[in-house]
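What's in final_4.pdb: PDB, C-alpha atoms and all ligand atoms
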```
ATOM      1  CA  MET A   1      27.653  -6.544  -3.143  1.00  0.00           C
ATOM      2  CA  ASP A   2      26.537  -3.459  -1.221  1.00  0.00           C
ATOM      3  CA  LEU A   3      27.557  -4.292   2.318  1.00  0.00           C
ATOM      4  CA  LYS A   4      25.445  -1.489   3.733  1.00  0.00           C
ATOM      5  CA  LEU A   5      22.419  -3.632   2.893  1.00  0.00           C
ATOM      6  CA  PHE A   6      23.388  -6.226   5.449  1.00  0.00           C
ATOM      7  CA  SER A   7      24.801  -6.160   8.926  1.00  0.00           C
ATOM      8  CA  TYR A   8      27.300  -8.936   8.400  1.00  0.00           C
ATOM      9  CA  ASP A   9      30.631  -8.573   6.734  1.00  0.00           C
ATOM     10  CA  CYS A  10      31.737  -9.515   3.264  1.00  0.00           C
ATOM     11  CA  GLN A  11      33.625 -12.589   4.374  1.00  0.00           C
ATOM     12  CA  ALA A  12      30.566 -14.016   6.092  1.00  0.00           C
ATOM     13  CA  ALA A  13      28.362 -13.301   3.103  1.00  0.00           C
ATOM     14  CA  GLU A  14      30.789 -14.841   0.674  1.00  0.00           C
ATOM     15  CA  GLY A  15      31.232 -17.780   3.027  1.00  0.00           C
ATOM     16  CA  TYR A  16      27.727 -18.743   2.138  1.00  0.00           C
ATOM     17  CA  ILE A  17      28.511 -19.224  -1.507  1.00  0.00           C
ATOM     18  CA  SER A  18      31.982 -20.669  -1.084  1.00  0.00           C
ATOM     19  CA  CYS A  19      33.126 -23.896   0.492  1.00  0.00           C
ATOM     20  CA  PRO A  20      34.725 -23.161   3.857  1.00  0.00           C
ATOM     21  CA  GLU A  21      38.365 -24.029   4.201  1.00  0.00           C
ATOM     22  CA  GLY A  22      38.873 -27.753   4.564  1.00  0.00           C
ATOM     23  CA  VAL A  23      35.508 -28.727   3.107  1.00  0.00           C
ATOM     24  CA  GLN A  24      35.789 -30.853  -0.009  1.00  0.00           C
ATOM     25  CA  GLY A  25      33.270 -30.605  -2.834  1.00  0.00           C
ATOM     26  CA  SER A  26      31.693 -28.046  -5.120  1.00  0.00           C
ATOM     27  CA  ASN A  27      30.021 -24.812  -4.067  1.00  0.00           C
ATOM     28  CA  ASP A  28      26.716 -26.297  -5.243  1.00  0.00           C
ATOM     29  CA  MET A  29      27.135 -29.220  -2.900  1.00  0.00           C
ATOM     30  CA  TYR A  30      27.909 -26.873  -0.044  1.00  0.00           C
ATOM     31  CA  ILE A  31      24.836 -24.733  -0.767  1.00  0.00           C
ATOM     32  CA  HIS A  32      22.697 -27.877  -0.913  1.00  0.00           C
ATOM     33  CA  TYR A  33      24.193 -28.949   2.393  1.00  0.00           C
ATOM     34  CA  ASN A  34      23.109 -25.596   3.874  1.00  0.00           C
ATOM     35  CA  THR A  35      19.641 -25.984   2.367  1.00  0.00           C
ATOM     36  CA  ALA A  36      19.350 -29.493   3.813  1.00  0.00           C
ATOM     37  CA  GLN A  37      20.255 -28.164   7.245  1.00  0.00           C
ATOM     38  CA  ILE A  38      17.705 -25.377   6.948  1.00  0.00           C
ATOM     39  CA  LEU A  39      14.879 -27.657   5.823  1.00  0.00           C
ATOM     40  CA  THR A  40      15.649 -30.077   8.647  1.00  0.00           C
ATOM     41  CA  ILE A  41      15.524 -27.286  11.202  1.00  0.00           C
ATOM     42  CA  ALA A  42      12.300 -25.958   9.664  1.00  0.00           C
ATOM     43  CA  ALA A  43      10.773 -29.437  10.012  1.00  0.00           C
ATOM     44  CA  VAL A  44      11.770 -29.554  13.706  1.00  0.00           C
ATOM     45  CA  MET A  45       9.979 -26.236  14.230  1.00  0.00           C
ATOM     46  CA  GLU A  46       6.713 -27.938  13.266  1.00  0.00           C
ATOM     47  CA  ILE A  47       6.741 -30.209  16.328  1.00  0.00           C
ATOM     48  CA  GLU A  48       5.281 -27.569  18.649  1.00  0.00           C
ATOM     49  CA  ASP A  49       3.568 -25.448  16.006  1.00  0.00           C
ATOM     50  CA  PRO A  50       1.940 -27.313  13.085  1.00  0.00           C
ATOM     51  CA  LEU A  51       1.400 -24.084  11.115  1.00  0.00           C
ATOM     52  CA  VAL A  52       4.895 -22.671  11.283  1.00  0.00           C
ATOM     53  CA  TYR A  53       6.556 -24.910   8.629  1.00  0.00           C
ATOM     54  CA  ALA A  54       4.241 -23.826   5.819  1.00  0.00           C
ATOM     55  CA  HIS A  55       4.330 -20.241   7.120  1.00  0.00           C
ATOM     56  CA  CYS A  56       8.129 -20.147   6.885  1.00  0.00           C
ATOM     57  CA  PHE A  57       8.067 -21.465   3.296  1.00  0.00           C
ATOM     58  CA  ARG A  58       5.564 -18.828   2.235  1.00  0.00           C
ATOM     59  CA  VAL A  59       7.484 -16.057   4.012  1.00  0.00           C
ATOM     60  CA  ALA A  60      10.657 -17.165   2.218  1.00  0.00           C
ATOM     61  CA  GLY A  61       8.778 -17.142  -1.106  1.00  0.00           C
ATOM     62  CA  TYR A  62       7.390 -13.642  -0.582  1.00  0.00           C
ATOM     63  CA  ALA A  63      10.778 -12.409   0.628  1.00  0.00           C
ATOM     64  CA  VAL A  64      12.502 -13.760  -2.494  1.00  0.00           C
ATOM     65  CA  THR A  65       9.869 -12.052  -4.649  1.00  0.00           C
ATOM     66  CA  ILE A  66      10.573  -8.718  -2.948  1.00  0.00           C
ATOM     67  CA  ALA A  67      14.364  -9.158  -3.056  1.00  0.00           C
ATOM     68  CA  GLN A  68      14.290 -10.033  -6.764  1.00  0.00           C
ATOM     69  CA  HIS A  69      12.054  -7.061  -7.560  1.00  0.00           C
ATOM     70  CA  MET A  70      14.539  -4.859  -5.663  1.00  0.00           C
ATOM     71  CA  HIS A  71      17.237  -6.270  -7.992  1.00  0.00           C
ATOM     72  CA  LEU A  72      19.445  -7.466  -5.144  1.00  0.00           C
ATOM     73  CA  MET A  73      22.488  -9.612  -5.884  1.00  0.00           C
ATOM     74  CA  PRO A  74      21.832 -13.378  -6.201  1.00  0.00           C
ATOM     75  CA  ALA A  75      23.821 -14.137  -3.029  1.00  0.00           C
ATOM     76  CA  GLU A  76      21.756 -11.551  -1.146  1.00  0.00           C
ATOM     77  CA  VAL A  77      18.512 -13.059  -2.431  1.00  0.00           C
ATOM     78  CA  ILE A  78      19.590 -16.536  -1.306  1.00  0.00           C
ATOM     79  CA  THR A  79      20.561 -15.189   2.116  1.00  0.00           C
ATOM     80  CA  ILE A  80      17.138 -13.586   2.490  1.00  0.00           C
ATOM     81  CA  GLU A  81      15.440 -16.806   1.354  1.00  0.00           C
ATOM     82  CA  GLN A  82      17.333 -18.870   3.907  1.00  0.00           C
ATOM     83  CA  ALA A  83      16.725 -16.356   6.695  1.00  0.00           C
ATOM     84  CA  GLY A  84      13.039 -16.375   5.720  1.00  0.00           C
ATOM     85  CA  LEU A  85      12.941 -20.160   6.100  1.00  0.00           C
ATOM     86  CA  LEU A  86      14.513 -19.876   9.560  1.00  0.00           C
ATOM     87  CA  HIS A  87      13.113 -16.564  10.810  1.00  0.00           C
ATOM     88  CA  ASP A  88      10.912 -18.181  13.482  1.00  0.00           C
ATOM     89  CA  VAL A  89      13.328 -20.938  14.527  1.00  0.00           C
ATOM     90  CA  GLY A  90      13.436 -19.443  18.036  1.00  0.00           C
ATOM     91  CA  LYS A  91       9.848 -20.622  18.534  1.00  0.00           C
ATOM     92  CA  VAL A  92      11.224 -24.093  19.270  1.00  0.00           C
ATOM     93  CA  ALA A  93      11.853 -22.694  22.757  1.00  0.00           C
ATOM     94  CA  ILE A  94       8.176 -21.770  23.258  1.00  0.00           C
ATOM     95  CA  ALA A  95       5.612 -24.269  24.530  1.00  0.00           C
ATOM     96  CA  GLY A  96       2.949 -25.368  22.052  1.00  0.00           C
ATOM     97  CA  SER A  97       0.285 -24.409  24.602  1.00  0.00           C
ATOM     98  CA  ILE A  98       1.354 -20.779  24.166  1.00  0.00           C
ATOM     99  CA  LEU A  99       1.932 -20.895  20.397  1.00  0.00           C
ATOM    100  CA  ASN A 100      -1.456 -22.478  19.753  1.00  0.00           C
ATOM    101  CA  LYS A 101      -3.449 -20.698  22.462  1.00  0.00           C
ATOM    102  CA  PRO A 102      -6.877 -19.850  21.020  1.00  0.00           C
ATOM    103  CA  ALA A 103      -7.104 -16.648  23.062  1.00  0.00           C
ATOM    104  CA  CYS A 104      -5.136 -13.511  23.899  1.00  0.00           C
ATOM    105  CA  LEU A 105      -1.760 -14.101  25.528  1.00  0.00           C
ATOM    106  CA  THR A 106      -0.976 -12.901  29.018  1.00  0.00           C
ATOM    107  CA  LYS A 107       1.794 -10.311  29.382  1.00  0.00           C
ATOM    108  CA  LYS A 108       4.179 -13.033  30.577  1.00  0.00           C
ATOM    109  CA  GLU A 109       3.304 -15.315  27.648  1.00  0.00           C
ATOM    110  CA  TYR A 110       3.757 -12.462  25.180  1.00  0.00           C
ATOM    111  CA  GLU A 111       7.209 -11.728  26.599  1.00  0.00           C
ATOM    112  CA  LYS A 112       8.121 -15.400  26.040  1.00  0.00           C
ATOM    113  CA  VAL A 113       6.925 -15.203  22.435  1.00  0.00           C
ATOM    114  CA  LYS A 114       8.867 -11.994  21.844  1.00  0.00           C
ATOM    115  CA  ALA A 115      12.072 -13.716  22.967  1.00  0.00           C
ATOM    116  CA  HIS A 116      11.960 -15.988  19.884  1.00  0.00           C
ATOM    117  CA  SER A 117      13.891 -13.560  17.680  1.00  0.00           C
ATOM    118  CA  VAL A 118      16.842 -13.493  20.111  1.00  0.00           C
ATOM    119  CA  VAL A 119      16.672 -17.260  20.716  1.00  0.00           C
ATOM    120  CA  GLY A 120      16.549 -17.787  16.945  1.00  0.00           C
ATOM    121  CA  GLU A 121      19.606 -15.610  16.427  1.00  0.00           C
ATOM    122  CA  ARG A 122      21.540 -17.646  19.019  1.00  0.00           C
ATOM    123  CA  VAL A 123      20.513 -20.930  17.371  1.00  0.00           C
ATOM    124  CA  VAL A 124      21.446 -19.818  13.845  1.00  0.00           C
ATOM    125  CA  ARG A 125      24.723 -18.246  14.962  1.00  0.00           C
ATOM    126  CA  LYS A 126      25.845 -21.666  16.215  1.00  0.00           C
ATOM    127  CA  ILE A 127      25.238 -23.466  12.908  1.00  0.00           C
ATOM    128  CA  VAL A 128      28.394 -23.574  10.822  1.00  0.00           C
ATOM    129  CA  GLY A 129      27.765 -21.958   7.436  1.00  0.00           C
ATOM    130  CA  LEU A 130      24.555 -20.215   8.503  1.00  0.00           C
ATOM    131  CA  GLU A 131      25.999 -17.656  10.945  1.00  0.00           C
ATOM    132  CA  HIS A 132      25.442 -14.798   8.492  1.00  0.00           C
ATOM    133  CA  LEU A 133      21.661 -15.330   8.714  1.00  0.00           C
ATOM    134  CA  ALA A 134      21.670 -14.528  12.457  1.00  0.00           C
ATOM    135  CA  PRO A 135      21.267 -10.708  12.210  1.00  0.00           C
ATOM    136  CA  LEU A 136      18.244 -11.118   9.917  1.00  0.00           C
ATOM    137  CA  VAL A 137      16.620 -13.635  12.274  1.00  0.00           C
ATOM    138  CA  ARG A 138      17.274 -11.330  15.261  1.00  0.00           C
ATOM    139  CA  SER A 139      15.822  -8.235  13.586  1.00  0.00           C
ATOM    140  CA  HIS A 140      12.732  -9.555  11.794  1.00  0.00           C
ATOM    141  CA  HIS A 141      10.403  -7.956  14.402  1.00  0.00           C
ATOM    142  CA  GLU A 142      12.079  -4.564  14.408  1.00  0.00           C
ATOM    143  CA  ARG A 143       9.879  -1.724  13.209  1.00  0.00           C
ATOM    144  CA  TYR A 144      10.931   0.989  10.776  1.00  0.00           C
ATOM    145  CA  ASP A 145       9.942   3.646  13.361  1.00  0.00           C
ATOM    146  CA  GLY A 146      12.086   2.055  16.078  1.00  0.00           C
ATOM    147  CA  PHE A 147       9.247   0.667  18.206  1.00  0.00           C
ATOM    148  CA  GLY A 148       9.928  -2.983  17.436  1.00  0.00           C
ATOM    149  CA  TYR A 149      11.981  -5.577  19.276  1.00  0.00           C
ATOM    150  CA  PRO A 150      14.458  -6.801  20.468  1.00  0.00           C
ATOM    151  CA  ASP A 151      16.715  -3.753  19.979  1.00  0.00           C
ATOM    152  CA  GLY A 152      14.339  -0.950  19.022  1.00  0.00           C
ATOM    153  CA  VAL A 153      16.525   0.073  16.070  1.00  0.00           C
ATOM    154  CA  SER A 154      14.958   2.051  13.234  1.00  0.00           C
ATOM    155  CA  GLY A 155      15.142   2.812   9.522  1.00  0.00           C
ATOM    156  CA  ASP A 156      18.248   1.743   7.662  1.00  0.00           C
ATOM    157  CA  SER A 157      19.860   0.555  10.905  1.00  0.00           C
ATOM    158  CA  ILE A 158      17.693  -2.543  10.507  1.00  0.00           C
ATOM    159  CA  PRO A 159      19.307  -4.948   8.004  1.00  0.00           C
ATOM    160  CA  LEU A 160      17.466  -4.712   4.677  1.00  0.00           C
ATOM    161  CA  GLY A 161      16.911  -8.483   4.664  1.00  0.00           C
ATOM    162  CA  ALA A 162      15.115  -8.195   8.006  1.00  0.00           C
ATOM    163  CA  ARG A 163      12.959  -5.316   6.718  1.00  0.00           C
ATOM    164  CA  ILE A 164      11.971  -7.493   3.753  1.00  0.00           C
ATOM    165  CA  ILE A 165      11.193 -10.521   5.925  1.00  0.00           C
ATOM    166  CA  ALA A 166       9.139  -8.299   8.276  1.00  0.00           C
ATOM    167  CA  VAL A 167       6.789  -7.337   5.427  1.00  0.00           C
ATOM    168  CA  ALA A 168       6.576 -10.904   4.078  1.00  0.00           C
ATOM    169  CA  ASP A 169       5.976 -12.263   7.596  1.00  0.00           C
ATOM    170  CA  ALA A 170       3.258  -9.747   8.481  1.00  0.00           C
ATOM    171  CA  PHE A 171       1.452 -10.255   5.180  1.00  0.00           C
ATOM    172  CA  ASP A 172       1.419 -14.039   5.496  1.00  0.00           C
ATOM    173  CA  ALA A 173       0.290 -13.782   9.127  1.00  0.00           C
ATOM    174  CA  MET A 174      -2.616 -11.545   8.123  1.00  0.00           C
ATOM    175  CA  ILE A 175      -3.869 -13.771   5.305  1.00  0.00           C
ATOM    176  CA  SER A 176      -3.614 -16.945   7.430  1.00  0.00           C
ATOM    177  CA  ASN A 177      -6.031 -18.380   9.967  1.00  0.00           C
ATOM    178  CA  ARG A 178      -4.611 -18.342  13.472  1.00  0.00           C
ATOM    179  CA  PRO A 179      -5.958 -20.160  16.582  1.00  0.00           C
ATOM    180  CA  TYR A 180      -7.147 -16.795  17.964  1.00  0.00           C
ATOM    181  CA  ARG A 181      -8.509 -15.136  14.793  1.00  0.00           C
ATOM    182  CA  LYS A 182      -9.685 -15.685  11.229  1.00  0.00           C
ATOM    183  CA  ALA A 183      -7.624 -14.779   8.152  1.00  0.00           C
ATOM    184  CA  ARG A 184      -8.062 -11.375   6.530  1.00  0.00           C
ATOM    185  CA  THR A 185      -8.559 -11.027   2.792  1.00  0.00           C
ATOM    186  CA  ILE A 186      -5.590 -10.303   0.527  1.00  0.00           C
ATOM    187  CA  THR A 187      -7.056  -6.874  -0.262  1.00  0.00           C
ATOM    188  CA  ALA A 188      -7.492  -5.980   3.417  1.00  0.00           C
ATOM    189  CA  SER A 189      -4.004  -7.250   4.228  1.00  0.00           C
ATOM    190  CA  ALA A 190      -2.442  -5.219   1.401  1.00  0.00           C
ATOM    191  CA  ARG A 191      -4.314  -2.149   2.671  1.00  0.00           C
ATOM    192  CA  GLU A 192      -2.952  -2.775   6.182  1.00  0.00           C
ATOM    193  CA  LEU A 193       0.604  -2.920   4.815  1.00  0.00           C
ATOM    194  CA  GLU A 194       0.006   0.433   3.131  1.00  0.00           C
ATOM    195  CA  LEU A 195      -1.397   1.909   6.352  1.00  0.00           C
ATOM    196  CA  CYS A 196       1.682   0.761   8.289  1.00  0.00           C
ATOM    197  CA  SER A 197       4.150   1.843   5.596  1.00  0.00           C
ATOM    198  CA  GLY A 198       6.684   4.239   7.107  1.00  0.00           C
ATOM    199  CA  THR A 199       5.776   3.305  10.693  1.00  0.00           C
ATOM    200  CA  GLN A 200       5.988  -0.463  11.092  1.00  0.00           C
ATOM    201  CA  PHE A 201       7.405  -1.210   7.652  1.00  0.00           C
ATOM    202  CA  ASP A 202      10.018   0.199   5.287  1.00  0.00           C
ATOM    203  CA  PRO A 203       7.922   2.138   2.729  1.00  0.00           C
ATOM    204  CA  LYS A 204      10.179   1.128  -0.161  1.00  0.00           C
ATOM    205  CA  VAL A 205       9.776  -2.570   0.692  1.00  0.00           C
ATOM    206  CA  VAL A 206       5.988  -2.235   0.968  1.00  0.00           C
ATOM    207  CA  GLN A 207       5.836  -0.403  -2.361  1.00  0.00           C
ATOM    208  CA  VAL A 208       7.908  -3.094  -4.109  1.00  0.00           C
ATOM    209  CA  PHE A 209       5.898  -5.911  -2.530  1.00  0.00           C
ATOM    210  CA  LEU A 210       2.502  -4.502  -3.505  1.00  0.00           C
ATOM    211  CA  LYS A 211       3.725  -3.909  -7.066  1.00  0.00           C
ATOM    212  CA  ALA A 212       5.131  -7.450  -7.218  1.00  0.00           C
ATOM    213  CA  MET A 213       1.846  -8.838  -5.910  1.00  0.00           C
ATOM    214  CA  ARG A 214       0.045  -7.261  -8.837  1.00  0.00           C
ATOM    215  CA  GLU A 215       2.536  -8.764 -11.308  1.00  0.00           C
ATOM    216  CA  ASP A 216       3.225 -12.239  -9.856  1.00  0.00           C
ATOM    217  CA  LYS A 217       0.475 -14.818  -9.820  1.00  0.00           C
ATOM    218  CA  GLU A 218       2.024 -16.921  -7.048  1.00  0.00           C
ATOM    219  CA  PRO A 219       4.621 -14.836  -5.178  1.00  0.00           C
ATOM    220  CA  TRP A 220       4.637 -17.238  -2.232  1.00  0.00           C
ATOM    221  CA  ARG A 221       6.121 -19.921  -4.521  1.00  0.00           C
ATOM    222  CA  THR A 222       9.074 -17.829  -5.679  1.00  0.00           C
ATOM    223  CA  PHE A 223      12.189 -19.682  -4.617  1.00  0.00           C
ATOM    224  CA  THR A 224      15.732 -19.273  -5.830  1.00  0.00           C
ATOM    225  CA  ASP A 225      17.133 -21.765  -8.339  1.00  0.00           C
ATOM    226  CA  VAL A 226      19.321 -23.151  -5.565  1.00  0.00           C
ATOM    227  CA  THR A 227      16.404 -24.129  -3.355  1.00  0.00           C
ATOM    228  CA  ARG A 228      14.288 -25.244  -6.305  1.00  0.00           C
ATOM    229  CA  ALA A 229      17.101 -27.537  -7.446  1.00  0.00           C
ATOM    230  CA  PHE A 230      17.334 -28.975  -3.974  1.00  0.00           C
ATOM    231  CA  PHE A 231      13.591 -29.624  -3.862  1.00  0.00           C
ATOM    232  CA  ARG A 232      13.846 -31.374  -7.211  1.00  0.00           C
ATOM    233  CA  TYR A 233      16.801 -33.376  -5.966  1.00  0.00           C
ATOM    234  CA  LEU A 234      14.738 -34.682  -3.115  1.00  0.00           C
ATOM    235  CA  SER A 235      11.619 -35.015  -5.300  1.00  0.00           C
ATOM    236  CA  ILE A 236       9.589 -33.408  -2.565  1.00  0.00           C
ATOM    237  CA  PHE A 237       8.710 -30.087  -4.131  1.00  0.00           C
ATOM    238  CA  THR A 238       5.267 -31.106  -5.295  1.00  0.00           C
ATOM    239  CA  SER A 239       4.444 -32.779  -2.018  1.00  0.00           C
ATOM    240  CA  ILE A 240       5.236 -29.770   0.165  1.00  0.00           C
ATOM    241  CA  TYR A 241       2.182 -27.843   1.194  1.00  0.00           C
ATOM    242  CA  ILE A 242       3.012 -24.204   0.744  1.00  0.00           C
ATOM    243  CA  GLY A 243      -0.208 -22.715  -0.560  1.00  0.00           C
TER     244      GLY A 243
HETATM  245 FE    FE A 301       8.721 -14.057  14.253  1.00  0.00          FE
END
```

Let's see the structure in the file written out as structure tokens.
Amino acid sequence: MDLKLFSYDCQAAEGYISCPEGVQGSNDMYIHYNTAQILTIAAVMEIEDPLVYAHCFRVAGYAVTIAQHMHLMPAEVITIEQAGLLHDVGKVAIAGSILNKPACLTKKEYEKVKAHSVVGERVVRKIVGLEHLAPLVRSHHERYDGFGYPDGVSGDSIPLGARIIAVADAFDAMISNRPYRKARTITASARELELCSGTQFDPKVVQVFLKAMREDKEPWRTFTDVTRAFFRYLSIFTSIYIG
């Protein structure tokens, strides 16, 4: 595993695919336990924002597509998938009246919304077994040119997983209806990604995503075998609205 790709250390990354000390059971069971936690948290997010659950699933799907096309290690792909599912968890701290406001936000409201990446990082850091996702949740609104938030870091200083989620997140936001605007077309959204390549987004990630979009029929449904197996286990996969 290339540790430069991520801002957490090897032990934390491997902790995700190994049972922690004292936990009985197979690695598979432990991974499924993590997935169960993540899906539960994602469901809680829907209480204040009815659109966010499906959004997080699609973002995770796109992010996995990108990560696989970048030939990342399986553990890295799973980490990115899980961070994609939880990237907006900090929105639980924002009132639904702000999240679903059918008009422009005030400066104060926008500052509250922006805080969700830091709140999300704090939430994820406290969940045993998911701590390594925290840097990706914190940095998913950083921009490649350094004008993002919360830290204003740029380029390769942003964890690769966060740069991938940023592209997946922006694309899904553009092609989705929001209370304050209508969805853009896929073509227009892809063009916007290209326009913002090198400024807002990592150009390599944009390039891989657009190529993958041309090759994959349903990139928003690309989940890792781990998550797919869990969906099957619960027999809920076909009943989840993700398209
Ligand atoms: Fe976000």

| Looking at A:Leu86, A:Met213, A:Ala188, A:Val206, which one is nearest to ligand FE 301 (chain A), with distances taken over all atoms listed in the file? | A:Leu86

| request: Name the residues that the PyMOL selection byres (((chain A and resi 166) around 12) and not hetatm) picks from the file above, as an MDAnalysis selection string, using the file's chain letters and numbers. | output: chainID A and resid 56 59:60 62:63 66 80 83:84 87:88 117 136:144 148:149 158:165 167:173 193 196:197 200:203 205:206 209

| message | Ranking A:Cys104, A:Met70, A:Val77, A:Val118 by minimum distance to Lys204 of chain A and counting only C-alpha atoms, which one comes first? | response |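 Going through A:Cys104, A:Met70, A:Val77, A:Val118 one by one, the smallest distance to Lys204 of chain A is for A:Met70.
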
| field | Residue among A:Ile41, A:His71, A:Lys91, A:Lys126 lying closest to ligand FE 301 (chain A), counting only C-alpha atoms and all ligand atoms | value |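 Closest candidate: A:Lys91.
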
| query | Rounded to one decimal in Å, what is the spacing between atom CA of Tyr110 of chain A and atom CA of Gly96 of chain A? | reply | 13.3 Å

| Do you have the atom CA of Met45 of chain A-atom CA of Val89 of chain A distance handy? |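 If I compute the distance from atom CA of Met45 of chain A to atom CA of Val89 of chain A, I get 6.3 Å.
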
| task | Rank nothing, just name the residue among A:Lys211, A:Ile94, A:Lys108, A:Gln68 nearest to ligand FE 301 (chain A), using all atoms listed in the file. | result | A:Ile94

| request: Have a look at atom CA of Arg122 of chain A and atom CA of Gly90 of chain A and let me know their distance in Å, one decimal. | output: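 We find that atom CA of Arg122 of chain A and atom CA of Gly90 of chain A lie 8.4 Å from each other.
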
| Counting only C-alpha atoms and all ligand atoms, the residue of A:Ile78, A:Asp145, A:Tyr180, A:Leu99 that sits nearest ligand FE 301 (chain A) |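 Checking each candidate against ligand FE 301 (chain A), we get A:Leu99 as the closest.
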
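When all atoms listed in the file are used to compute distances to ligand FE 301 (chain A), the closest of the residues A:Val113, A:Ala75, A:Ala67, A:Ala93 turns out to be A:Val113.
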
| field | Ala212 of chain A surroundings by only C-alpha atoms, 9 Å radius, close-in-sequence under 5 positions cut, as a list in words | value |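 Those residues are Thr65, Ile66, His69, Gln207 and Pro219 of chain A.
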
Please dump the current selection as an mmCIF file, in the coordinates of the input; keep C-alpha atoms.
```cif
data_model
loop_
_atom_site.group_PDB
_atom_site.id
_atom_site.type_symbol
_atom_site.label_atom_id
_atom_site.label_comp_id
_atom_site.auth_asym_id
_atom_site.auth_seq_id
_atom_site.Cartn_x
_atom_site.Cartn_y
_atom_site.Cartn_z
ATOM 1 C CA THR A 65 9.869 -12.052 -4.649
ATOM 2 C CA ILE A 66 10.573 -8.718 -2.948
ATOM 3 C CA HIS A 69 12.054 -7.061 -7.560
ATOM 4 C CA GLN A 207 5.836 -0.403 -2.361
ATOM 5 C CA PRO A 219 4.621 -14.836 -5.178
#
```
